[in-house]
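Heads up, run-v5.cif below (mmCIF, C-alpha atoms):
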data_upload
loop_
_atom_site.label_atom_id
_atom_site.label_comp_id
_atom_site.auth_asym_id
_atom_site.auth_seq_id
_atom_site.Cartn_x
_atom_site.Cartn_y
_atom_site.Cartn_z
CA MET A 1 96.14 152.48 29.49
CA TYR A 2 98.07 149.43 28.41
CA LYS A 3 96.37 146.23 27.22
CA GLY A 4 93.10 147.41 28.70
CA LYS A 5 94.51 148.17 32.15
CA LYS A 6 93.69 151.60 33.51
CA ILE A 7 96.62 153.12 35.39
CA ILE A 8 96.94 155.83 38.03
CA ALA A 9 100.34 157.27 39.00
CA ILE A 10 100.64 158.77 42.48
CA ILE A 11 103.49 161.07 43.52
CA PRO A 12 103.54 161.47 47.32
CA ALA A 13 105.00 164.77 48.55
CA ARG A 14 104.58 165.84 52.15
CA GLY A 15 105.41 169.39 53.11
CA GLY A 16 106.87 168.57 56.50
CA SER A 17 110.34 167.28 55.67
CA LYS A 18 112.67 167.71 58.67
CA GLY A 19 115.96 166.54 57.17
CA ILE A 20 115.80 169.11 54.35
CA PRO A 21 113.07 171.72 54.91
CA GLY A 22 110.97 172.13 51.78
CA LYS A 23 112.78 169.18 50.19
CA ASN A 24 110.18 168.33 47.58
CA ILE A 25 110.31 171.80 46.04
CA LYS A 26 113.99 172.53 46.65
CA ILE A 27 115.63 173.54 43.37
CA LEU A 28 117.56 170.65 41.81
CA ALA A 29 119.35 171.24 38.48
CA GLY A 30 117.31 174.37 37.92
CA VAL A 31 113.80 173.16 38.79
CA PRO A 32 111.88 172.12 41.92
CA LEU A 33 112.69 168.52 42.86
CA ILE A 34 109.15 167.22 42.37
CA CYS A 35 109.08 168.53 38.78
CA HIS A 36 111.68 165.96 37.71
CA THR A 37 109.30 163.14 38.62
CA ILE A 38 106.27 164.86 37.11
CA GLU A 39 108.12 165.38 33.83
CA SER A 40 109.18 161.71 33.80
CA VAL A 41 105.64 160.37 34.13
CA LYS A 42 104.23 162.91 31.65
CA LYS A 43 106.33 161.16 29.01
CA SER A 44 104.54 157.87 29.61
CA SER A 45 102.25 156.59 26.87
CA PHE A 46 100.35 154.33 29.26
CA VAL A 47 99.58 156.28 32.45
CA ASP A 48 95.98 157.52 32.45
CA ILE A 49 96.17 160.03 35.27
CA ILE A 50 99.00 161.67 37.25
CA ILE A 51 98.26 163.00 40.72
CA VAL A 52 100.31 164.52 43.50
CA SER A 53 99.21 163.69 47.04
CA THR A 54 100.32 166.50 49.31
CA ASP A 55 99.31 168.44 52.40
CA ASP A 56 101.26 171.53 51.33
CA LYS A 57 99.80 174.40 49.27
CA LYS A 58 103.16 175.43 47.76
CA ILE A 59 103.84 171.89 46.59
CA ALA A 60 100.30 171.67 45.19
CA SER A 61 100.73 174.91 43.25
CA ILE A 62 104.06 173.89 41.73
CA ALA A 63 102.74 170.40 40.88
CA LYS A 64 99.78 171.90 39.02
CA GLU A 65 102.07 174.27 37.12
CA ALA A 66 104.19 171.27 36.10
CA GLY A 67 101.19 169.42 34.70
CA ALA A 68 100.07 167.06 37.47
CA LEU A 69 96.63 166.95 39.06
CA VAL A 70 96.15 167.77 42.73
CA PRO A 71 92.51 166.76 43.15
CA PHE A 72 92.59 166.98 46.97
CA MET A 73 94.80 168.03 49.85
CA ARG A 74 96.03 165.04 51.81
CA PRO A 75 94.45 164.84 55.29
CA LYS A 76 96.83 165.58 58.15
CA GLN A 77 96.45 162.12 59.66
CA TYR A 78 98.04 160.69 56.51
CA ALA A 79 100.84 163.29 56.32
CA LYS A 80 102.73 162.73 59.57
CA ASP A 81 106.42 161.80 59.85
CA SER A 82 105.32 158.33 60.88
CA SER A 83 102.69 157.94 58.13
CA PRO A 84 103.53 155.09 55.73
CA SER A 85 103.19 155.73 52.01
CA SER A 86 100.41 153.15 51.97
CA ASP A 87 98.17 155.64 53.80
CA ALA A 88 98.54 158.16 50.98
CA ILE A 89 98.04 155.53 48.29
CA LEU A 90 94.94 153.97 49.81
CA HIS A 91 93.47 157.40 50.57
CA ALA A 92 93.91 158.43 46.92
CA ILE A 93 92.40 155.21 45.58
CA ASP A 94 89.46 155.53 47.96
CA TRP A 95 88.94 159.19 46.97
CA PHE A 96 88.60 158.27 43.29
CA GLU A 97 86.47 155.20 43.90
CA LYS A 98 84.00 157.29 45.90
CA LYS A 99 83.67 159.36 42.74
CA LYS A 100 83.08 156.21 40.68
CA GLN A 101 86.51 156.31 39.04
CA TRP A 102 88.18 152.92 39.00
CA PHE A 103 91.72 151.86 38.13
CA ASP A 104 93.37 148.48 37.72
CA ILE A 105 96.96 149.45 38.51
CA VAL A 106 98.57 151.92 40.90
CA ILE A 107 102.08 153.30 40.40
CA LEU A 108 104.05 155.03 43.14
CA LEU A 109 106.79 157.44 42.05
CA GLU A 110 108.89 158.97 44.79
CA PRO A 111 110.09 162.53 44.05
CA THR A 112 113.22 161.83 46.11
CA SER A 113 114.34 159.35 43.41
CA PRO A 114 114.53 161.65 40.37
CA LEU A 115 117.07 159.68 38.32
CA ARG A 116 114.83 158.03 35.75
CA LYS A 117 115.48 157.24 32.11
CA GLU A 118 112.85 158.48 29.66
CA ASP A 119 111.47 154.99 29.04
CA ASP A 120 111.75 153.54 32.57
CA ILE A 121 108.09 154.02 33.47
CA ASP A 122 106.67 152.55 30.27
CA LYS A 123 109.16 149.67 30.25
CA ALA A 124 108.22 148.78 33.82
CA ILE A 125 104.52 148.96 32.98
CA GLN A 126 105.01 146.68 29.97
CA LYS A 127 107.01 144.16 32.00
CA PHE A 128 104.34 144.11 34.70
CA VAL A 129 101.24 143.96 32.49
CA ASP A 130 102.79 141.43 30.07
CA SER A 131 103.10 139.07 33.09
CA TYR A 132 99.80 140.14 34.66
CA ALA A 133 98.42 136.64 35.17
CA THR A 134 101.39 135.50 37.25
CA VAL A 135 102.51 138.62 39.15
CA ASP A 136 100.96 141.12 41.55
CA ALA A 137 103.58 143.85 41.98
CA LEU A 138 106.85 145.28 40.70
CA VAL A 139 109.59 147.26 42.43
CA SER A 140 112.66 148.99 41.03
CA VAL A 141 115.92 147.65 42.42
CA GLY A 142 119.56 148.56 41.93
CA GLU A 143 122.54 146.31 42.50
CA ILE A 144 124.47 147.17 45.67
CA HIS A 145 128.14 147.70 44.97
CA MET A 146 130.40 149.11 47.68
CA GLU A 147 128.05 148.55 50.63
CA SER A 148 127.00 144.96 50.12
CA PRO A 149 125.48 143.42 53.27
CA TYR A 150 127.89 140.52 52.83
CA ILE A 151 130.86 142.78 53.56
CA SER A 152 129.08 144.99 56.11
CA LYS A 153 130.19 144.83 59.72
CA VAL A 154 128.71 145.26 63.18
CA ILE A 155 130.40 146.40 66.35
CA ASP A 156 129.85 143.73 68.99
CA HIS A 157 131.13 144.50 72.50
CA GLY A 158 133.63 146.92 71.01
CA PHE A 159 134.90 144.55 68.33
CA VAL A 160 134.30 144.68 64.55
CA LYS A 161 132.58 141.52 63.31
CA PRO A 162 130.82 140.41 60.09
CA LEU A 163 127.13 141.27 59.83
CA ILE A 164 126.62 138.01 57.95
CA GLU A 165 128.93 135.16 58.93
CA GLU A 166 128.33 133.33 55.65
CA HIS A 167 130.76 134.58 52.97
CA SER A 168 132.76 136.41 55.69
CA SER A 169 135.96 134.82 54.39
CA TYR A 170 135.55 136.40 50.95
CA TYR A 171 137.85 139.35 50.47
CA GLN A 172 136.82 140.52 47.00
CA ARG A 173 133.43 142.09 46.26
CA GLN A 174 133.26 140.24 42.94
CA GLN A 175 133.16 136.92 44.81
CA LEU A 176 130.02 137.83 46.76
CA PRO A 177 126.43 137.06 45.78
CA LYS A 178 124.67 139.97 44.09
CA ALA A 179 122.48 141.99 46.42
CA TYR A 180 119.87 144.58 45.48
CA PHE A 181 118.34 147.60 47.17
CA PRO A 182 114.83 148.88 46.36
CA TYR A 183 115.19 152.44 45.07
CA GLY A 184 112.12 154.61 44.55
CA VAL A 185 112.30 154.93 40.77
CA ILE A 186 109.01 153.05 40.35
CA TYR A 187 106.64 150.79 42.28
CA ILE A 188 103.67 149.08 40.63
CA SER A 189 100.83 146.94 41.97
CA LYS A 190 97.44 145.61 41.10
CA ILE A 191 95.05 147.71 43.14
CA GLU A 192 93.12 144.67 44.32
CA THR A 193 96.22 143.08 45.85
CA TYR A 194 97.57 146.36 47.22
CA LYS A 195 94.37 146.84 49.23
CA ILE A 196 95.01 143.46 50.85
CA HIS A 197 98.74 143.67 51.51
CA LYS A 198 99.19 147.48 51.81
CA THR A 199 102.68 147.09 50.41
CA PHE A 200 104.41 146.56 47.07
CA TYR A 201 106.39 143.66 48.57
CA GLN A 202 103.91 140.89 47.94
CA LYS A 203 104.42 137.19 47.32
CA ARG A 204 104.52 137.71 43.57
CA THR A 205 106.61 140.87 43.30
CA ILE A 206 109.02 141.06 40.38
CA PRO A 207 112.07 143.33 39.97
CA TYR A 208 112.73 146.16 37.54
CA VAL A 209 116.51 146.54 37.57
CA ILE A 210 117.86 150.08 37.19
CA GLU A 211 121.36 151.20 36.27
CA ARG A 212 124.05 152.05 38.81
CA TRP A 213 123.86 155.82 38.26
CA GLN A 214 120.20 155.68 39.29
CA ASN A 215 121.02 154.20 42.72
CA TYR A 216 120.51 157.45 44.64
CA GLU A 217 117.74 158.77 46.85
CA ILE A 218 117.62 162.20 48.43
CA ASP A 219 117.76 162.11 52.21
CA ASP A 220 120.22 164.92 52.90
CA ILE A 221 122.05 167.81 51.26
CA TYR A 222 124.92 165.54 50.20
CA ASP A 223 122.53 163.39 48.18
CA PHE A 224 121.30 166.58 46.55
CA ALA A 225 124.82 167.49 45.50
CA CYS A 226 125.54 164.00 44.11
CA ILE A 227 122.32 163.80 42.12
CA GLU A 228 122.72 167.31 40.73
CA LYS A 229 126.18 166.38 39.46
CA ILE A 230 124.84 163.18 37.88
CA LEU A 231 122.13 165.16 36.09
CA GLU A 232 124.72 167.60 34.79
CA GLU A 233 126.91 164.79 33.46
CA LYS A 234 123.99 162.95 31.87
CA ASP A 235 122.90 166.18 30.19
CA LYS A 236 126.40 166.61 28.74
CA ILE A 237 126.39 163.06 27.39
CA VAL A 238 122.99 163.55 25.77
CA LYS A 239 124.07 166.77 24.12
CA GLU A 240 127.27 165.18 22.83
CA ASN A 241 125.34 162.29 21.30
CA VAL A 242 122.55 164.32 19.73
CA SER A 243 123.27 164.97 16.06
CA GLN A 244 121.24 168.15 16.09
CA LYS A 245 120.70 170.66 18.84
CA LYS A 246 116.95 170.95 18.59
CA TYR A 247 115.07 168.69 21.00
CA PRO A 248 111.74 167.16 19.91
CA VAL A 249 108.79 168.67 21.74
CA ARG A 250 105.61 166.91 22.74
CA ASN A 251 102.36 168.77 23.31
CA LEU A 252 102.67 171.44 26.00
CA THR A 253 99.56 172.00 28.10
CA GLY A 254 98.38 175.07 30.01
CA GLU A 255 95.21 175.89 31.92
CA GLN A 256 93.21 176.96 28.86
CA ILE A 257 95.36 175.92 25.93
CA PHE A 258 97.73 173.34 24.60
CA LEU A 259 100.56 173.90 22.15
CA LYS A 260 101.49 171.43 19.46
CA GLU A 261 103.87 171.41 16.53
CA PHE A 262 102.75 173.67 13.69
CA ILE A 263 102.06 171.26 10.80
CA ASP A 264 100.62 171.44 7.28
CA ASP A 265 97.07 171.19 8.63
CA HIS A 266 97.66 174.57 10.24
CA LEU A 267 99.54 176.06 7.29
CA PHE A 268 96.74 175.23 4.85
CA ASN A 269 94.00 176.29 7.23
CA LYS A 270 92.36 179.30 5.57
CA ARG A 271 91.97 181.06 8.90
CA TYR A 272 95.75 181.22 9.34
CA LEU A 273 96.23 183.19 6.14
CA ASP A 274 93.23 185.36 7.03
CA TRP A 275 94.88 186.27 10.35
CA LEU A 276 98.01 187.39 8.51
CA ARG A 277 95.85 189.69 6.38
CA ASP A 278 93.87 191.10 9.30
CA ARG A 279 95.28 194.54 10.20
CA GLU A 280 94.10 194.34 13.80
CA VAL A 281 95.88 191.03 14.30
CA ILE A 282 99.04 192.13 12.51
CA GLN A 283 99.11 195.32 14.58
CA THR A 284 99.66 193.18 17.69
CA ILE A 285 102.80 191.51 16.32
CA GLY A 286 104.38 194.51 14.61
CA ARG A 287 104.82 192.96 11.15
CA SER A 288 104.35 195.93 8.81
CA GLU A 289 105.12 193.88 5.69
CA TYR A 290 101.90 191.93 6.27
CA PHE A 291 99.86 195.10 5.83
CA ASN A 292 100.15 194.43 2.11
CA GLU A 293 98.40 191.54 0.37
CA ILE A 294 101.05 188.88 0.97
CA PRO A 295 100.99 185.78 -1.27
CA PHE A 296 100.58 182.33 0.23
CA SER A 297 103.96 181.30 -1.17
CA SER A 298 105.67 183.86 1.09
CA VAL A 299 103.81 182.54 4.12
CA GLU A 300 104.72 178.96 3.24
CA THR A 301 108.41 179.87 2.88
CA TYR A 302 108.32 181.56 6.30
CA VAL A 303 106.72 178.53 7.93
CA ARG A 304 109.03 176.00 6.25
CA ASN A 305 112.07 177.94 7.41
CA LEU A 306 110.81 177.84 10.99
CA GLN A 307 109.99 174.13 10.81
CA GLN A 308 113.45 173.24 9.48
CA SER A 309 115.40 175.62 11.69
CA GLU A 310 117.45 174.23 14.57
CA ASN A 311 117.05 177.57 16.33
CA ASP A 312 113.27 177.94 16.34
CA TYR A 313 110.22 176.12 17.66
CA PHE A 314 106.91 176.99 16.01
CA PHE A 315 103.64 176.01 17.71
CA ALA A 316 99.94 176.10 17.00
CA ILE A 317 97.79 177.29 19.89
CA HIS A 318 94.69 175.16 20.50
CA MET A 319 91.96 175.56 23.09
CA ARG A 320 91.85 172.59 25.47
CA LYS A 321 88.07 172.29 25.63
CA THR A 322 87.28 172.61 21.93
CA ASP A 323 90.61 171.81 20.19
CA GLN A 324 90.08 175.00 18.17
CA PHE A 325 93.16 176.41 16.43
CA ILE A 326 93.33 180.06 17.56
CA GLY A 327 96.87 181.29 16.96
CA THR A 328 100.60 180.63 16.91
CA ALA A 329 103.52 180.88 19.32
CA LYS A 330 107.25 180.71 18.86
CA ILE A 331 110.47 180.10 20.74
CA GLY A 332 112.83 181.80 18.34
CA SER A 333 116.34 183.15 17.81
CA ILE A 334 117.69 180.39 20.03
CA ASP A 335 121.33 180.73 21.05
CA TRP A 336 122.22 177.24 22.27
CA ASN A 337 125.60 178.32 23.60
CA SER A 338 124.36 181.35 25.53
CA LYS A 339 121.12 179.52 26.41
CA THR A 340 118.86 182.40 25.46
CA ALA A 341 115.82 182.76 23.21
CA ASP A 342 112.97 185.09 22.24
CA LEU A 343 109.25 184.41 22.67
CA GLY A 344 106.56 185.43 20.22
CA ILE A 345 102.80 185.03 19.97
CA MET A 346 99.92 185.78 17.62
CA ILE A 347 96.33 185.20 18.73
CA GLY A 348 94.42 185.22 15.47
CA GLU A 349 90.92 184.55 16.79
CA LYS A 350 90.03 187.98 18.18
CA ARG A 351 87.16 186.72 20.32
CA TYR A 352 89.80 185.16 22.56
CA TRP A 353 91.55 188.47 23.20
CA GLY A 354 91.43 189.62 26.79
CA ARG A 355 90.94 186.11 28.20
CA GLY A 356 94.45 185.55 29.54
CA ILE A 357 95.45 183.30 26.63
CA ALA A 358 98.80 185.05 26.07
CA THR A 359 99.69 184.71 29.76
CA ASP A 360 98.79 181.01 29.66
CA VAL A 361 100.88 180.43 26.51
CA PHE A 362 103.93 182.31 27.78
CA THR A 363 103.76 180.58 31.17
CA VAL A 364 103.83 177.18 29.43
CA LEU A 365 106.73 178.25 27.21
CA CYS A 366 108.73 179.75 30.09
CA THR A 367 108.33 176.59 32.14
CA TYR A 368 109.42 174.42 29.21
CA VAL A 369 112.41 176.57 28.25
CA PHE A 370 113.72 176.99 31.80
CA SER A 371 112.93 173.48 33.08
CA LYS A 372 113.48 171.22 30.05
CA LEU A 373 115.94 173.16 27.90
CA GLN A 374 117.70 174.65 30.94
CA PHE A 375 117.99 178.07 29.29
CA ARG A 376 119.04 180.98 31.47
CA LYS A 377 117.17 183.90 29.89
CA LEU A 378 114.16 184.73 27.70
CA THR A 379 113.30 187.99 25.97
CA GLY A 380 110.18 189.31 24.31
CA GLY A 381 108.98 192.51 22.74
CA CYS A 382 105.81 194.34 21.81
CA LEU A 383 104.56 197.69 20.54
CA GLY A 384 104.39 200.45 23.11
CA SER A 385 100.65 200.70 22.46
CA ASN A 386 100.04 197.00 23.18
CA ILE A 387 99.00 197.46 26.80
CA ALA A 388 97.61 193.92 27.10
CA MET A 389 100.94 192.36 26.10
CA ILE A 390 102.86 194.59 28.48
CA LYS A 391 100.57 193.48 31.32
CA CYS A 392 101.16 189.86 30.28
CA PHE A 393 104.95 190.26 30.45
CA LYS A 394 104.78 191.90 33.87
CA LYS A 395 102.37 189.30 35.27
CA ILE A 396 104.75 186.47 34.40
CA GLY A 397 107.76 188.32 35.84
CA PHE A 398 109.45 189.88 32.80
CA LYS A 399 111.24 193.16 33.46
CA LYS A 400 111.50 196.02 31.00
CA GLU A 401 115.02 196.22 29.57
CA GLY A 402 114.67 199.10 27.14
CA THR A 403 112.75 200.89 24.41
CA ARG A 404 113.54 201.15 20.73
CA LYS A 405 112.16 204.59 20.05
CA LYS A 406 110.02 205.07 16.91
CA GLN A 407 110.95 201.60 15.66
CA PHE A 408 107.84 200.77 13.61
CA PHE A 409 105.49 202.58 11.24
CA LEU A 410 102.20 200.72 11.47
CA GLY A 411 98.67 201.67 10.66
CA GLY A 412 99.61 205.21 9.82
CA LYS A 413 101.51 205.94 13.03
CA ILE A 414 104.97 205.53 14.48
CA GLU A 415 105.35 203.03 17.32
CA ASP A 416 107.98 202.35 19.97
CA HIS A 417 109.22 198.78 20.52
CA GLU A 418 109.32 197.76 24.20
CA ILE A 419 111.86 195.06 25.15
CA TYR A 420 111.34 192.76 28.16
CA GLY A 421 113.57 190.07 29.69
CA LEU A 422 113.21 187.23 32.21
CA LEU A 423 115.96 185.30 33.98
CA LYS A 424 115.58 181.62 34.82
CA GLU A 425 116.31 181.98 38.52
CA LYS A 426 113.82 184.83 38.87
CA TYR A 427 111.05 182.87 37.18
CA LEU A 428 111.63 179.67 39.17
CA PHE A 429 111.98 181.60 42.43
CA ASN A 430 108.61 183.24 41.83
CA LYS A 431 107.10 179.78 41.22
CA VAL A 432 108.44 178.39 44.49
CA LYS A 433 107.69 181.47 46.54
#
Just give me the structure as structure tokens.
Amino acid sequence: MYKGKKIIAIIPARGGSKGIPGKNIKILAGVPLICHTIESVKKSSFVDIIIVSTDDKKIASIAKEAGALVPFMRPKQYAKDSSPSSDAILHAIDWFEKKKQWFDIVILLEPTSPLRKEDDIDKAIQKFVDSYATVDALVSVGEIHMESPYISKVIDHGFVKPLIEEHSSYYQRQQLPKAYFPYGVIYISKIETYKIHKTFYQKRTIPYVIERWQNYEIDDIYDFACIEKILEEKDKIVKENVSQKKYPVRNLTGEQIFLKEFIDDHLFNKRYLDWLRDREVIQTIGRSEYFNEIPFSSVETYVRNLQQSENDYFFAIHMRKTDQFIGTAKIGSIDWNSKTADLGIMIGEKRYWGRGIATDVFTVLCTYVFSKLQFRKLTGGCLGSNIAMIKCFKKIGFKKEGTRKKQFFLGGKIEDHEIYGLLKEKYLFNKVK
């Protein structure tokens, strides 16, 4: 919500693409195409709800995994090759209004225009809402450079002639009037006016001008190649300009849990120290040193080192429904050059054992590491007796890579350490499949 305006973002994604079969979930720069748009809108501070309108079960599944809602499957009559995007938008608005959910503003984000800056969506919303009294819609436009209509030609009776006679004598592009093309980075409209006009091109539509490198839409495999290269180059520039390697992480949300940065509120929570002194809990993470009465100062040093490290992320696990703090998770031992890392987890609240929490946490972390950080491999380990953790690894797609025989002495017995690994392409392939 921004200035009291409730906002819904709709990502349309049909399954029946003919130009590029499966286009919306085709892997682009390591992740399904639609995930780029979902990740962009998830960063918005103003969008109230993100939905994907699709008729395809695979697209729906991937969209949900990426954090969007798929509250319905789009009816077939609105998912034909000839169906305008307005059909999908009006159907979605009507679906929510029948359930007594009302919005002031609708945003359309096309997955085939994935080149968005992190603040594009919120900047466009601010521009639109700040002028709310005098405008009805907003569209993203990019300046046309090499294919200006003023220098375009037609073939008339076998002869090449100007498309537009005016300015036909100009021979330099710089002399021509600026022309713009509407790219699908973002479209915004008041819902009340969209219902009337069924288009974002209304009498009071204002522009949101994007940069030249964003002037691409995916229609064929060549567009895919161009956009993938742009994403690679932008990623290089970002990494060169970042003073430290560690990226900031916002809350990561799963089906049952959400992960947020481990802060002092967690460190000084008595339950956290109690977990580290609970032999049953410690048995699951293989930390024999914690079997002794460890002082709080040692725990604080451990946590501070993780928080300040450029090679570790340390999270608190919270339940979505209750916000209860139930454990910790870690992306650790990060090798930024090799693009590898280890995953770790401790579920301290034992009443949540056996509820699929570890699988939910690791799925969220795998998706983040492979999609956002673009890592190529993750590893994890557990005691040979930890059958639940082994099942969790296998369910997500980890493969056993080896066993460290008789590695730990815990609880009066010797334990093996089982090592599992997961490759990026294997994980993403399983998600698309």
Item to complete: Specify as number ranges by chain each residue included when the PyMOL selection byres ((chain A and resi 37-43) around 10) is applied to this file.
Response: A: 9-11, 32-36, 44-52, 63-64, 66-68, 109-122, 185, 250, 371-372
Item to complete: Excluding Leu231 of chain A and any residue of its chain fewer than 6 positions from it, enumerate the residues within 12 Å of it, using all atoms listed in the file, and give them as a PyMOL selection string.
Response: chain A and resi 28-31+36+114-117+213-214+216+224-225+237-238+374
Discussion item. Could you tell me, as a ChimeraX atom specification, exactly which residues end up selected when the PyMOL selection byres ((chain A and resi 422) around 12) is applied to this structure?
Written reply: /A:340-343,362-363,366-367,369-370,375-381,393-401,419-421,423-430
Discussion item. Counting only C-alpha atoms, which residues have an atom no more than 10 Å from (107.0, 201.4, 22.7) in the file's coordinates? Please list them as a ChimeraX atom specification.
Written reply: /A:381-387,390,402-408,414-419
Please define a box with edges along x, y and z of the file around all atoms of segment 3-17 of chain A given in the file, extend it by 8 Å on each side, and return its centre and edge lengths in Å to one decimal, as lines of an AutoDock Vina configuration file.
center_x = 101.7
center_y = 157.8
center_z = 41.9
size_x = 33.2
size_y = 39.2
size_z = 45.3
Worksheet entry | Distance query Glu261 of chain A at most 10 Å, only C-alpha atoms, self and fewer than 3 positions along chain excluded, as number ranges by chain | A: 248-252, 264, 266, 307, 313-317, 328-329
Practice prompt. Might you pull out every residue within 10 Å of segment 99-102 of chain A, with all atoms listed in the file counted and same-chain residues fewer than 6 positions away left off, and present them as an MDAnalysis selection string?
Written response: chainID A and resid 6:8 93 191
Keeping only C-alpha atoms, take the residues you just selected and write them out as a CSV table (one decimal), keeping the file's coordinate frame.
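What follows is the written file part39.csv:
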chain,number,residue,atom,x,y,z
A,6,LYS,CA,93.7,151.6,33.5
A,7,ILE,CA,96.6,153.1,35.4
A,8,ILE,CA,96.9,155.8,38.0
A,93,ILE,CA,92.4,155.2,45.6
A,191,ILE,CA,95.0,147.7,43.1
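A straight line drawn from atom CA of Gly356 of chain A to atom CA of Ile257 of chain A is 10.3 Å long.
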Response to the item:
atom CA of Gln324 of chain A to atom CA of Thr253 of chain A measures 14.1 Å
Worksheet entry | Spatial neighbours of Phe200 of chain A, 8 Å, only C-alpha atoms, chain gap at least 5 places, as a ChimeraX atom specification | /A:137-139,187-189,194,205
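Atom CA of Arg74 of chain A lies 12.3 Å from atom CA of Gly16 of chain A.
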Fill in: Nearest to Lys127 of chain A by atom-to-atom distance, counting only C-alpha atoms, from A:Tyr2, A:Lys57, A:Leu163, A:Ile25
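Among A:Tyr2, A:Lys57, A:Leu163, A:Ile25, it is A:Tyr2 that comes nearest to Lys127 of chain A.
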Practice prompt. For Glu143 of chain A, work out the shell of residues within 10 Å, counting all atoms listed in the file and skipping chain neighbours fewer than 5 positions away, then give it as a PyMOL selection string.
Written response: chain A and resi 148+178-183+209-212+215
Worksheet item: Counting all atoms listed in the file, which of A:Lys5, A:Arg204, A:Lys26, A:His197 gets nearest to Thr134 of chain A?
Response: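 Comparing A:Lys5, A:Arg204, A:Lys26, A:His197 against Thr134 of chain A, the winner is A:Arg204.
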